[in-house]
$ cat run26.cif   # mmCIF, N, CA and C atoms and all ligand atoms
data_run
#
loop_
_atom_site.label_atom_id
_atom_site.label_comp_id
_atom_site.auth_asym_id
_atom_site.auth_seq_id
_atom_site.Cartn_x
_atom_site.Cartn_y
_atom_site.Cartn_z
N MET A 1 12.88 -7.00 12.77
CA MET A 1 11.41 -6.97 12.84
C MET A 1 10.84 -8.11 12.00
N GLY A 2 9.97 -8.90 12.61
CA GLY A 2 9.36 -10.01 11.89
C GLY A 2 8.22 -9.53 10.99
N ARG A 3 7.74 -10.44 10.18
CA ARG A 3 6.66 -10.09 9.25
C ARG A 3 5.39 -9.72 10.02
N ASP A 4 5.16 -10.40 11.16
CA ASP A 4 3.97 -10.11 11.95
C ASP A 4 3.97 -8.67 12.43
N GLU A 5 5.16 -8.16 12.67
CA GLU A 5 5.24 -6.79 13.18
C GLU A 5 4.78 -5.79 12.12
N LEU A 6 5.10 -6.05 10.87
CA LEU A 6 4.64 -5.16 9.80
C LEU A 6 3.11 -5.24 9.67
N PHE A 7 2.58 -6.44 9.83
CA PHE A 7 1.13 -6.63 9.86
C PHE A 7 0.52 -5.79 10.99
N ASN A 8 1.15 -5.81 12.17
CA ASN A 8 0.64 -5.03 13.30
C ASN A 8 0.65 -3.54 13.01
N HIS A 9 1.69 -3.06 12.35
CA HIS A 9 1.74 -1.64 11.97
C HIS A 9 0.61 -1.31 10.99
N ALA A 10 0.37 -2.21 10.04
CA ALA A 10 -0.71 -1.97 9.06
C ALA A 10 -2.07 -1.98 9.76
N MET A 11 -2.23 -2.86 10.72
CA MET A 11 -3.49 -2.92 11.49
C MET A 11 -3.70 -1.62 12.27
N ALA A 12 -2.64 -1.10 12.87
CA ALA A 12 -2.76 0.15 13.64
C ALA A 12 -3.10 1.32 12.71
N ALA A 13 -2.49 1.34 11.53
CA ALA A 13 -2.78 2.40 10.56
C ALA A 13 -4.23 2.30 10.10
N ARG A 14 -4.69 1.08 9.93
CA ARG A 14 -6.08 0.85 9.48
C ARG A 14 -7.07 1.49 10.45
N GLU A 15 -6.74 1.48 11.74
CA GLU A 15 -7.62 2.11 12.74
C GLU A 15 -7.77 3.61 12.48
N ARG A 16 -6.78 4.20 11.83
CA ARG A 16 -6.80 5.65 11.59
C ARG A 16 -7.48 6.01 10.27
N ALA A 17 -8.00 5.01 9.55
CA ALA A 17 -8.65 5.28 8.26
C ALA A 17 -9.79 6.29 8.44
N TYR A 18 -9.92 7.17 7.46
CA TYR A 18 -11.03 8.13 7.44
C TYR A 18 -12.00 7.67 6.35
N VAL A 19 -13.04 6.96 6.78
CA VAL A 19 -13.90 6.26 5.82
C VAL A 19 -15.39 6.47 6.10
N PRO A 20 -15.85 7.75 6.19
CA PRO A 20 -17.27 7.96 6.50
C PRO A 20 -18.21 7.51 5.39
N TYR A 21 -17.71 7.29 4.20
CA TYR A 21 -18.57 6.96 3.06
C TYR A 21 -18.64 5.46 2.80
N SER A 22 -17.49 4.80 2.76
CA SER A 22 -17.50 3.35 2.49
C SER A 22 -17.51 2.53 3.77
N GLY A 23 -16.97 3.06 4.84
CA GLY A 23 -16.80 2.26 6.05
C GLY A 23 -15.76 1.17 5.90
N PHE A 24 -15.04 1.15 4.79
CA PHE A 24 -14.07 0.09 4.49
C PHE A 24 -12.67 0.57 4.84
N ARG A 25 -12.17 0.08 5.98
CA ARG A 25 -10.87 0.54 6.48
C ARG A 25 -9.73 -0.27 5.89
N VAL A 26 -8.70 0.44 5.46
CA VAL A 26 -7.51 -0.22 4.92
C VAL A 26 -6.28 0.41 5.56
N GLY A 27 -5.30 -0.41 5.89
CA GLY A 27 -4.03 0.08 6.42
C GLY A 27 -2.88 -0.48 5.60
N ALA A 28 -1.82 0.30 5.51
CA ALA A 28 -0.62 -0.16 4.79
C ALA A 28 0.60 0.20 5.61
N ALA A 29 1.62 -0.63 5.53
CA ALA A 29 2.88 -0.35 6.22
C ALA A 29 4.04 -0.70 5.30
N ILE A 30 4.97 0.24 5.21
CA ILE A 30 6.18 0.04 4.39
C ILE A 30 7.35 -0.12 5.35
N ARG A 31 8.08 -1.21 5.20
CA ARG A 31 9.35 -1.33 5.92
C ARG A 31 10.44 -0.79 4.98
N LEU A 32 11.16 0.21 5.44
CA LEU A 32 12.27 0.77 4.65
C LEU A 32 13.50 -0.11 4.81
N LYS A 33 14.45 0.09 3.91
CA LYS A 33 15.69 -0.70 3.99
C LYS A 33 16.43 -0.42 5.30
N ASN A 34 16.24 0.78 5.88
CA ASN A 34 16.90 1.10 7.16
C ASN A 34 16.13 0.56 8.36
N GLY A 35 15.04 -0.15 8.11
CA GLY A 35 14.28 -0.78 9.18
C GLY A 35 13.10 0.04 9.69
N GLN A 36 13.12 1.33 9.37
CA GLN A 36 12.00 2.19 9.81
C GLN A 36 10.71 1.76 9.12
N VAL A 37 9.58 2.06 9.75
CA VAL A 37 8.28 1.72 9.17
C VAL A 37 7.49 2.99 8.93
N ILE A 38 6.91 3.11 7.73
CA ILE A 38 6.04 4.23 7.36
C ILE A 38 4.65 3.65 7.10
N THR A 39 3.63 4.28 7.62
CA THR A 39 2.29 3.71 7.45
C THR A 39 1.37 4.66 6.68
N GLY A 40 0.24 4.11 6.25
CA GLY A 40 -0.79 4.91 5.58
C GLY A 40 -2.14 4.26 5.77
N CYS A 41 -3.18 5.09 5.67
CA CYS A 41 -4.56 4.58 5.72
C CYS A 41 -5.33 5.23 4.57
N ASN A 42 -6.50 4.69 4.27
CA ASN A 42 -7.31 5.35 3.24
C ASN A 42 -7.98 6.60 3.82
N VAL A 43 -8.07 7.62 2.97
CA VAL A 43 -8.63 8.92 3.36
C VAL A 43 -9.67 9.29 2.31
N GLU A 44 -10.94 9.25 2.72
CA GLU A 44 -12.03 9.50 1.77
C GLU A 44 -12.40 10.98 1.75
N ASN A 45 -13.30 11.33 0.84
CA ASN A 45 -13.71 12.72 0.68
C ASN A 45 -15.17 12.76 0.24
N ALA A 46 -15.88 13.83 0.60
CA ALA A 46 -17.28 14.01 0.17
C ALA A 46 -17.38 13.98 -1.36
N SER A 47 -16.33 14.41 -2.02
CA SER A 47 -16.21 14.22 -3.47
C SER A 47 -15.49 12.88 -3.65
N TYR A 48 -16.27 11.82 -3.75
CA TYR A 48 -15.77 10.46 -3.55
C TYR A 48 -14.49 10.12 -4.32
N GLY A 49 -14.44 10.64 -5.56
CA GLY A 49 -13.32 10.27 -6.44
C GLY A 49 -11.97 10.79 -5.96
N LEU A 50 -11.97 11.67 -4.98
CA LEU A 50 -10.71 12.21 -4.46
C LEU A 50 -10.08 11.31 -3.40
N THR A 51 -10.76 10.23 -3.10
CA THR A 51 -10.26 9.29 -2.08
C THR A 51 -8.83 8.85 -2.36
N ASN A 52 -8.03 8.81 -1.32
CA ASN A 52 -6.68 8.27 -1.44
C ASN A 52 -6.61 6.92 -0.70
N CYS A 53 -6.16 5.91 -1.40
CA CYS A 53 -6.06 4.59 -0.78
C CYS A 53 -4.92 4.53 0.24
N ALA A 54 -4.98 3.54 1.09
CA ALA A 54 -3.96 3.34 2.13
C ALA A 54 -2.56 3.18 1.52
N GLU A 55 -2.48 2.44 0.43
CA GLU A 55 -1.17 2.14 -0.17
C GLU A 55 -0.52 3.43 -0.67
N ARG A 56 -1.30 4.26 -1.36
CA ARG A 56 -0.73 5.52 -1.88
C ARG A 56 -0.45 6.49 -0.75
N THR A 57 -1.29 6.52 0.28
CA THR A 57 -1.00 7.38 1.43
C THR A 57 0.36 7.01 2.02
N ALA A 58 0.62 5.72 2.16
CA ALA A 58 1.90 5.27 2.74
C ALA A 58 3.08 5.67 1.85
N ILE A 59 2.95 5.45 0.56
CA ILE A 59 4.05 5.81 -0.36
C ILE A 59 4.27 7.32 -0.35
N PHE A 60 3.20 8.10 -0.41
CA PHE A 60 3.35 9.57 -0.45
C PHE A 60 3.93 10.08 0.88
N SER A 61 3.54 9.46 1.97
CA SER A 61 4.09 9.83 3.27
C SER A 61 5.58 9.53 3.32
N MET A 62 5.95 8.38 2.79
CA MET A 62 7.37 8.01 2.74
C MET A 62 8.18 9.07 1.98
N ILE A 63 7.68 9.46 0.81
CA ILE A 63 8.39 10.46 0.00
C ILE A 63 8.43 11.80 0.74
N ALA A 64 7.32 12.19 1.33
CA ALA A 64 7.25 13.47 2.03
C ALA A 64 8.19 13.52 3.22
N GLN A 65 8.46 12.35 3.80
CA GLN A 65 9.38 12.30 4.95
C GLN A 65 10.84 12.10 4.53
N GLY A 66 11.07 12.08 3.20
CA GLY A 66 12.46 12.06 2.71
C GLY A 66 13.05 10.69 2.49
N PHE A 67 12.19 9.66 2.42
CA PHE A 67 12.70 8.30 2.23
C PHE A 67 12.32 7.78 0.85
N ARG A 68 13.13 6.83 0.36
CA ARG A 68 12.92 6.25 -0.98
C ARG A 68 13.06 4.74 -1.00
N ASP A 69 13.78 4.18 -0.02
CA ASP A 69 14.25 2.80 -0.17
C ASP A 69 13.31 1.80 0.51
N VAL A 70 12.40 1.27 -0.30
CA VAL A 70 11.39 0.32 0.19
C VAL A 70 11.98 -1.09 0.27
N GLN A 71 11.78 -1.70 1.42
CA GLN A 71 12.19 -3.11 1.58
C GLN A 71 11.01 -4.03 1.31
N GLU A 72 9.88 -3.73 1.95
CA GLU A 72 8.69 -4.56 1.74
C GLU A 72 7.45 -3.82 2.23
N ILE A 73 6.30 -4.31 1.81
CA ILE A 73 5.03 -3.63 2.10
C ILE A 73 4.00 -4.64 2.60
N ALA A 74 3.19 -4.21 3.56
CA ALA A 74 2.05 -5.01 4.01
C ALA A 74 0.79 -4.16 3.91
N VAL A 75 -0.30 -4.80 3.53
CA VAL A 75 -1.60 -4.10 3.41
C VAL A 75 -2.64 -4.96 4.12
N VAL A 76 -3.54 -4.32 4.87
CA VAL A 76 -4.58 -5.11 5.53
C VAL A 76 -5.95 -4.46 5.38
N ALA A 77 -6.94 -5.32 5.10
CA ALA A 77 -8.34 -4.90 5.01
C ALA A 77 -9.19 -6.06 5.51
N GLU A 78 -10.44 -5.75 5.80
CA GLU A 78 -11.34 -6.79 6.29
C GLU A 78 -11.96 -7.54 5.12
N GLY A 79 -12.09 -8.82 5.27
CA GLY A 79 -12.74 -9.58 4.21
C GLY A 79 -12.47 -11.05 4.38
N GLU A 80 -13.19 -11.85 3.62
CA GLU A 80 -13.00 -13.30 3.70
C GLU A 80 -11.60 -13.67 3.21
N HIS A 81 -11.15 -12.91 2.18
CA HIS A 81 -9.82 -13.10 1.62
C HIS A 81 -9.09 -11.76 1.63
N PRO A 82 -7.76 -11.78 1.57
CA PRO A 82 -7.03 -10.51 1.48
C PRO A 82 -7.45 -9.75 0.21
N VAL A 83 -7.48 -8.41 0.30
CA VAL A 83 -7.77 -7.62 -0.90
C VAL A 83 -6.47 -7.31 -1.63
N THR A 84 -6.57 -7.09 -2.92
CA THR A 84 -5.39 -6.69 -3.70
C THR A 84 -5.56 -5.22 -4.09
N PRO A 85 -4.44 -4.48 -4.22
CA PRO A 85 -4.50 -3.03 -4.46
C PRO A 85 -5.18 -2.66 -5.78
N CYS A 86 -5.79 -1.48 -5.81
CA CYS A 86 -6.43 -0.98 -7.03
C CYS A 86 -5.37 -0.62 -8.07
N GLY A 87 -5.81 -0.37 -9.27
CA GLY A 87 -4.90 -0.07 -10.38
C GLY A 87 -4.04 1.15 -10.13
N ALA A 88 -4.63 2.20 -9.56
CA ALA A 88 -3.86 3.43 -9.31
C ALA A 88 -2.72 3.14 -8.34
N CYS A 89 -3.00 2.39 -7.30
CA CYS A 89 -1.95 2.06 -6.32
C CYS A 89 -0.88 1.17 -6.93
N ARG A 90 -1.27 0.26 -7.78
CA ARG A 90 -0.26 -0.60 -8.43
C ARG A 90 0.72 0.26 -9.22
N GLN A 91 0.21 1.25 -9.93
CA GLN A 91 1.08 2.12 -10.72
C GLN A 91 2.01 2.93 -9.81
N VAL A 92 1.49 3.42 -8.70
CA VAL A 92 2.32 4.21 -7.76
C VAL A 92 3.35 3.31 -7.08
N LEU A 93 2.97 2.09 -6.72
CA LEU A 93 3.95 1.15 -6.15
C LEU A 93 5.07 0.89 -7.15
N ALA A 94 4.70 0.73 -8.42
CA ALA A 94 5.70 0.43 -9.46
C ALA A 94 6.70 1.59 -9.63
N GLU A 95 6.27 2.80 -9.33
CA GLU A 95 7.17 3.96 -9.45
C GLU A 95 8.30 3.90 -8.42
N PHE A 96 7.99 3.40 -7.24
CA PHE A 96 8.95 3.52 -6.13
C PHE A 96 9.52 2.20 -5.62
N CYS A 97 9.00 1.09 -6.09
CA CYS A 97 9.47 -0.20 -5.57
C CYS A 97 10.08 -1.02 -6.70
N PRO A 98 11.25 -1.62 -6.45
CA PRO A 98 11.78 -2.56 -7.43
C PRO A 98 10.75 -3.66 -7.72
N ALA A 99 10.80 -4.20 -8.93
CA ALA A 99 9.80 -5.18 -9.38
C ALA A 99 9.64 -6.34 -8.41
N ALA A 100 10.73 -6.75 -7.78
CA ALA A 100 10.69 -7.94 -6.91
C ALA A 100 10.22 -7.64 -5.49
N THR A 101 9.94 -6.38 -5.19
CA THR A 101 9.54 -6.01 -3.82
C THR A 101 8.35 -6.85 -3.36
N ARG A 102 8.49 -7.40 -2.16
CA ARG A 102 7.41 -8.25 -1.63
C ARG A 102 6.27 -7.39 -1.08
N VAL A 103 5.06 -7.72 -1.53
CA VAL A 103 3.84 -7.07 -1.04
C VAL A 103 2.98 -8.16 -0.41
N THR A 104 2.78 -8.08 0.90
CA THR A 104 1.96 -9.09 1.57
C THR A 104 0.60 -8.49 1.87
N LEU A 105 -0.43 -9.13 1.34
CA LEU A 105 -1.81 -8.66 1.48
C LEU A 105 -2.47 -9.52 2.54
N TYR A 106 -3.06 -8.86 3.53
CA TYR A 106 -3.67 -9.58 4.66
C TYR A 106 -5.14 -9.23 4.78
N ASN A 107 -5.91 -10.17 5.32
CA ASN A 107 -7.19 -9.75 5.88
C ASN A 107 -6.97 -9.55 7.38
N THR A 108 -7.99 -9.02 8.06
CA THR A 108 -7.80 -8.67 9.48
C THR A 108 -7.62 -9.93 10.34
N ALA A 109 -8.02 -11.08 9.81
CA ALA A 109 -7.82 -12.35 10.54
C ALA A 109 -6.38 -12.82 10.43
N GLY A 110 -5.60 -12.17 9.56
CA GLY A 110 -4.19 -12.52 9.43
C GLY A 110 -3.89 -13.48 8.28
N GLN A 111 -4.91 -13.84 7.50
CA GLN A 111 -4.64 -14.65 6.31
C GLN A 111 -3.87 -13.80 5.33
N SER A 112 -2.90 -14.38 4.65
CA SER A 112 -2.05 -13.55 3.79
C SER A 112 -1.86 -14.13 2.40
N LEU A 113 -1.54 -13.23 1.51
CA LEU A 113 -1.26 -13.54 0.12
C LEU A 113 0.00 -12.75 -0.21
N VAL A 114 1.06 -13.46 -0.61
CA VAL A 114 2.34 -12.79 -0.89
C VAL A 114 2.50 -12.63 -2.38
N MET A 115 2.77 -11.40 -2.81
CA MET A 115 2.96 -11.11 -4.22
C MET A 115 4.15 -10.19 -4.37
N SER A 116 4.60 -10.00 -5.61
CA SER A 116 5.63 -8.98 -5.86
C SER A 116 4.96 -7.81 -6.58
N VAL A 117 5.67 -6.70 -6.61
CA VAL A 117 5.14 -5.53 -7.30
C VAL A 117 4.90 -5.85 -8.79
N SER A 118 5.79 -6.62 -9.39
CA SER A 118 5.58 -6.95 -10.82
C SER A 118 4.49 -8.00 -11.02
N ASP A 119 4.20 -8.81 -9.99
CA ASP A 119 3.01 -9.68 -10.07
C ASP A 119 1.76 -8.81 -10.17
N LEU A 120 1.76 -7.74 -9.36
CA LEU A 120 0.59 -6.86 -9.30
C LEU A 120 0.43 -6.03 -10.57
N LEU A 121 1.55 -5.63 -11.15
CA LEU A 121 1.48 -4.81 -12.37
C LEU A 121 2.57 -5.18 -13.35
N PRO A 122 2.35 -6.27 -14.08
CA PRO A 122 3.32 -6.64 -15.11
C PRO A 122 3.29 -5.59 -16.23
N PHE A 123 4.41 -5.41 -16.92
CA PHE A 123 4.50 -4.47 -18.05
C PHE A 123 4.10 -3.06 -17.64
N ALA A 124 4.51 -2.65 -16.43
CA ALA A 124 4.14 -1.31 -15.94
C ALA A 124 4.71 -0.22 -16.84
N PHE A 125 3.96 0.84 -17.00
CA PHE A 125 4.50 2.05 -17.62
C PHE A 125 5.50 2.63 -16.62
N SER A 126 6.68 3.03 -17.12
CA SER A 126 7.70 3.51 -16.18
C SER A 126 8.52 4.64 -16.77
N LYS A 127 9.37 5.23 -15.94
CA LYS A 127 10.17 6.37 -16.39
C LYS A 127 11.08 6.01 -17.55
N GLU A 128 11.45 4.75 -17.69
CA GLU A 128 12.31 4.35 -18.83
C GLU A 128 11.64 4.70 -20.17
N ALA A 129 10.31 4.59 -20.19
CA ALA A 129 9.59 4.88 -21.42
C ALA A 129 9.67 6.34 -21.81
N LEU A 130 10.00 7.19 -20.84
CA LEU A 130 10.08 8.64 -21.11
C LEU A 130 11.46 9.04 -21.61
N GLN A 131 12.41 8.09 -21.59
CA GLN A 131 13.78 8.38 -22.03
C GLN A 131 14.01 7.82 -23.42
N SER A 132 13.19 8.25 -24.38
CA SER A 132 13.28 7.66 -25.71
C SER A 132 14.44 8.23 -26.54
N GLU A 133 15.01 9.37 -26.11
CA GLU A 133 16.13 9.94 -26.90
C GLU A 133 17.43 9.91 -26.13
O1 LIG B 1 -6.48 -1.71 -1.89
C1 LIG B 1 -7.33 -0.88 -1.52
C2 LIG B 1 -8.66 -0.94 -1.92
C3 LIG B 1 -9.54 0.02 -1.47
N1 LIG B 1 -9.10 1.02 -0.66
C4 LIG B 1 -10.05 2.01 -0.13
C5 LIG B 1 -10.50 3.09 -1.03
C6 LIG B 1 -11.84 3.46 -0.42
O2 LIG B 1 -11.64 4.35 0.68
C7 LIG B 1 -12.36 2.14 0.16
C8 LIG B 1 -13.38 1.45 -0.73
O3 LIG B 1 -12.89 1.32 -2.03
O4 LIG B 1 -11.21 1.34 0.31
C9 LIG B 1 -7.79 1.09 -0.24
O5 LIG B 1 -7.41 1.97 0.54
N2 LIG B 1 -6.94 0.15 -0.71
ZN ZN B 2 -5.65 2.04 -4.45
#
$ encode --input "run26.cif" --output "structure tokens" --more "lines below"
Ligand SMILES: O=c1ccn([C@H]2C[C@H](O)[C@@H](CO)O2)c(=O)[nH]1
Ligand SMILES: [Zn+2]
Amino acid sequence: MGRDELFNHAMAARERAYVPYSGFRVGAAIRLKNGQVITGCNVENASYGLTNCAERTAIFSMIAQGFRDVQEIAVVAEGEHPVTPCGACRQVLAEFCPAATRVTLYNTAGQSLVMSVSDLLPFAFSKEALQSE
């Protein structure tokens, strides 16, 4: 599967976004090491702060479906430039993706910005910090 194909999966997921409050649709697609693709969209709520971003929806869906091994991630939103994930999503990505995992951020026109998980969240808090003894 080429990189464009992951973009297409993220675009299709973006169509499924539930965004009655912001109108801002976001889609994410995770390519697993086995080649399968897991997608996510943002899901808003009348209690705005309960909103789940596309990136976290995709990661949580991956875990719920029994997968762990992330190969790479694509995210797409509309805008002049690609958007970068919020702080909460960066922390969740850091939990499940090796630091070098490629994250490609797209706008709907297909412009892209390639980053790694550790570019997005250097010095992440991680489970290693919980193993102090
Ligand atoms: O990287 C991002 C940034 C924002 N959002 C969502 C959250 C909310 O539904 C809307 C506006 O913030 O976009 C995402 O899903 N991913
Ligand atoms: Zn987020």
$ closest_residue --input "run26.cif" --among "A:Gly79, A:Pro20, A:Gly110, A:Gly87" --to "ligand ZN 2 (chain B)" --atoms "only C-alpha atoms and all ligand atoms"
A:Gly87
$ residues_near_point --input "run26.cif" --point "(-19.0, 10.1, -0.7)" --cutoff "10 Å" --atoms "only C-alpha atoms" --output "compact mmCIF listing (two decimals) with N, CA and C atoms, keeping the file's coordinate frame"
# COMPACT_ATOMS: atom_id res chain seq x y z
N VAL A 19 -13.04 6.96 6.78
CA VAL A 19 -13.90 6.26 5.82
C VAL A 19 -15.39 6.47 6.10
N PRO A 20 -15.85 7.75 6.19
CA PRO A 20 -17.27 7.96 6.50
C PRO A 20 -18.21 7.51 5.39
N TYR A 21 -17.71 7.29 4.20
CA TYR A 21 -18.57 6.96 3.06
C TYR A 21 -18.64 5.46 2.80
N SER A 22 -17.49 4.80 2.76
CA SER A 22 -17.50 3.35 2.49
C SER A 22 -17.51 2.53 3.77
N GLU A 44 -10.94 9.25 2.72
CA GLU A 44 -12.03 9.50 1.77
C GLU A 44 -12.40 10.98 1.75
N ASN A 45 -13.30 11.33 0.84
CA ASN A 45 -13.71 12.72 0.68
C ASN A 45 -15.17 12.76 0.24
N ALA A 46 -15.88 13.83 0.60
CA ALA A 46 -17.28 14.01 0.17
C ALA A 46 -17.38 13.98 -1.36
N SER A 47 -16.33 14.41 -2.02
CA SER A 47 -16.21 14.22 -3.47
C SER A 47 -15.49 12.88 -3.65
N TYR A 48 -16.27 11.82 -3.75
CA TYR A 48 -15.77 10.46 -3.55
C TYR A 48 -14.49 10.12 -4.32
N GLY A 49 -14.44 10.64 -5.56
CA GLY A 49 -13.32 10.27 -6.44
C GLY A 49 -11.97 10.79 -5.96
N LEU A 50 -11.97 11.67 -4.98
CA LEU A 50 -10.71 12.21 -4.46
C LEU A 50 -10.08 11.31 -3.40
N THR A 51 -10.76 10.23 -3.10
CA THR A 51 -10.26 9.29 -2.08
C THR A 51 -8.83 8.85 -2.36
$ residues_near_ligand --input "run26.cif" --ligand "ligand ZN 2 (chain B)" --cutoff "8 Å" --atoms "only N, CA and C atoms and all ligand atoms" --output "list in words"
Thr51, Asn52, Cys53, Ala54, Glu55, Arg56, Thr57, Thr84, Pro85, Cys86, Gly87, Ala88, Cys89 and Arg90 of chain A
$ residues_near_point --input "run26.cif" --point "(-4.9, -1.7, 13.6)" --cutoff "10 Å" --atoms "only C-alpha atoms" --output "PDB file with N, CA and C atoms, keeping the file's coordinate frame"
ATOM      1  N   PHE A   7       2.580  -6.440   9.830  1.00  0.00           N
ATOM      2  CA  PHE A   7       1.130  -6.630   9.860  1.00  0.00           C
ATOM      3  C   PHE A   7       0.520  -5.790  10.990  1.00  0.00           C
ATOM      4  N   ASN A   8       1.150  -5.810  12.170  1.00  0.00           N
ATOM      5  CA  ASN A   8       0.640  -5.030  13.300  1.00  0.00           C
ATOM      6  C   ASN A   8       0.650  -3.540  13.010  1.00  0.00           C
ATOM      7  N   HIS A   9       1.690  -3.060  12.350  1.00  0.00           N
ATOM      8  CA  HIS A   9       1.740  -1.640  11.970  1.00  0.00           C
ATOM      9  C   HIS A   9       0.610  -1.310  10.990  1.00  0.00           C
ATOM     10  N   ALA A  10       0.370  -2.210  10.040  1.00  0.00           N
ATOM     11  CA  ALA A  10      -0.710  -1.970   9.060  1.00  0.00           C
ATOM     12  C   ALA A  10      -2.070  -1.980   9.760  1.00  0.00           C
ATOM     13  N   MET A  11      -2.230  -2.860  10.720  1.00  0.00           N
ATOM     14  CA  MET A  11      -3.490  -2.920  11.490  1.00  0.00           C
ATOM     15  C   MET A  11      -3.700  -1.620  12.270  1.00  0.00           C
ATOM     16  N   ALA A  12      -2.640  -1.100  12.870  1.00  0.00           N
ATOM     17  CA  ALA A  12      -2.760   0.150  13.640  1.00  0.00           C
ATOM     18  C   ALA A  12      -3.100   1.320  12.710  1.00  0.00           C
ATOM     19  N   ALA A  13      -2.490   1.340  11.530  1.00  0.00           N
ATOM     20  CA  ALA A  13      -2.780   2.400  10.560  1.00  0.00           C
ATOM     21  C   ALA A  13      -4.230   2.300  10.100  1.00  0.00           C
ATOM     22  N   ARG A  14      -4.690   1.080   9.930  1.00  0.00           N
ATOM     23  CA  ARG A  14      -6.080   0.850   9.480  1.00  0.00           C
ATOM     24  C   ARG A  14      -7.070   1.490  10.450  1.00  0.00           C
ATOM     25  N   GLU A  15      -6.740   1.480  11.740  1.00  0.00           N
ATOM     26  CA  GLU A  15      -7.620   2.110  12.740  1.00  0.00           C
ATOM     27  C   GLU A  15      -7.770   3.610  12.480  1.00  0.00           C
ATOM     28  N   ARG A  16      -6.780   4.200  11.830  1.00  0.00           N
ATOM     29  CA  ARG A  16      -6.800   5.650  11.590  1.00  0.00           C
ATOM     30  C   ARG A  16      -7.480   6.010  10.270  1.00  0.00           C
ATOM     31  N   ALA A  17      -8.000   5.010   9.550  1.00  0.00           N
ATOM     32  CA  ALA A  17      -8.650   5.280   8.260  1.00  0.00           C
ATOM     33  C   ALA A  17      -9.790   6.290   8.440  1.00  0.00           C
ATOM     34  N   ARG A  25     -12.170   0.080   5.980  1.00  0.00           N
ATOM     35  CA  ARG A  25     -10.870   0.540   6.480  1.00  0.00           C
ATOM     36  C   ARG A  25      -9.730  -0.270   5.890  1.00  0.00           C
ATOM     37  N   VAL A  26      -8.700   0.440   5.460  1.00  0.00           N
ATOM     38  CA  VAL A  26      -7.510  -0.220   4.920  1.00  0.00           C
ATOM     39  C   VAL A  26      -6.280   0.410   5.560  1.00  0.00           C
ATOM     40  N   GLY A  27      -5.300  -0.410   5.890  1.00  0.00           N
ATOM     41  CA  GLY A  27      -4.030   0.080   6.420  1.00  0.00           C
ATOM     42  C   GLY A  27      -2.880  -0.480   5.600  1.00  0.00           C
ATOM     43  N   ALA A  28      -1.820   0.300   5.510  1.00  0.00           N
ATOM     44  CA  ALA A  28      -0.620  -0.160   4.790  1.00  0.00           C
ATOM     45  C   ALA A  28       0.600   0.200   5.610  1.00  0.00           C
ATOM     46  N   VAL A  76      -3.540  -4.320   4.870  1.00  0.00           N
ATOM     47  CA  VAL A  76      -4.580  -5.110   5.530  1.00  0.00           C
ATOM     48  C   VAL A  76      -5.950  -4.460   5.380  1.00  0.00           C
ATOM     49  N   ALA A  77      -6.940  -5.320   5.100  1.00  0.00           N
ATOM     50  CA  ALA A  77      -8.340  -4.900   5.010  1.00  0.00           C
ATOM     51  C   ALA A  77      -9.190  -6.060   5.510  1.00  0.00           C
ATOM     52  N   THR A 108      -7.990  -9.020   8.060  1.00  0.00           N
ATOM     53  CA  THR A 108      -7.800  -8.670   9.480  1.00  0.00           C
ATOM     54  C   THR A 108      -7.620  -9.930  10.340  1.00  0.00           C
TER      55      THR A 108
END
$ axis_aligned_box --input "run26.cif" --around "ligand LIG 1 (chain B)" --padding-each-side "6 Å" --output "lines of an AutoDock Vina configuration file"
center_x = -9.9
center_y = 1.3
center_z = -0.7
size_x = 18.9
size_y = 18.1
size_z = 14.7
$ atom_distance --input "run26.cif" --atom1 "CA of Phe24 (chain A)" --atom2 "atom C1 of ligand LIG 1 (chain B)"
9.1 Å
$ select_by_dssp --input "run26.cif" --residues "region 14-110 of chain A" --states "strand (DSSP E or B)" --output "list in words"
Tyr18, Val26, Gly27, Ala28, Ala29, Ile30, Arg31, Leu32, Val37, Ile38, Thr39, Gly40, Cys41, Val43, Asn52, Val70, Gln71, Glu72, Ile73, Ala74, Val75, Val76, Ala77, Arg102, Val103, Thr104, Leu105, Tyr106 and Asn107 of chain A
$ atom_distance --input "run26.cif" --atom1 "atom C of Val103 (chain A)" --atom2 "CA of Met115 (chain A)"
4.8 Å
$ select_by_dssp --input "run26.cif" --residues "chain A" --states "helix (DSSP H, G or I)" --output "PyMOL selection string"
chain A and resi 3-15+48-50+54-64+87-96+117-120+127-130
$ atom_distance --input "run26.cif" --atom1 "atom N of Leu113 (chain A)" --atom2 "CA of Ser61 (chain A)"
23.8 Å
$ closest_residue --input "run26.cif" --among "A:Val83, A:Phe60, A:Asn107, A:Glu72" --to "ligand LIG 1 (chain B)" --atoms "only N, CA and C atoms and all ligand atoms"
A:Val83
$ closest_residue --input "run26.cif" --among "A:Asn34, A:Gln65, A:Gln71, A:Gln91" --to "Leu120 (chain A)" --atoms "only N, CA and C atoms"
A:Gln91
$ closest_residue --input "run26.cif" --among "A:Ala129, A:Tyr106, A:Glu5, A:Tyr18" --to "ligand LIG 1 (chain B)" --atoms "all atoms listed in the file"
A:Tyr18
$ closest_residue --input "run26.cif" --among "A:Val43, A:Cys97, A:Ala58, A:Val92" --to "ligand LIG 1 (chain B)" --atoms "only C-alpha atoms and all ligand atoms"
A:Val43
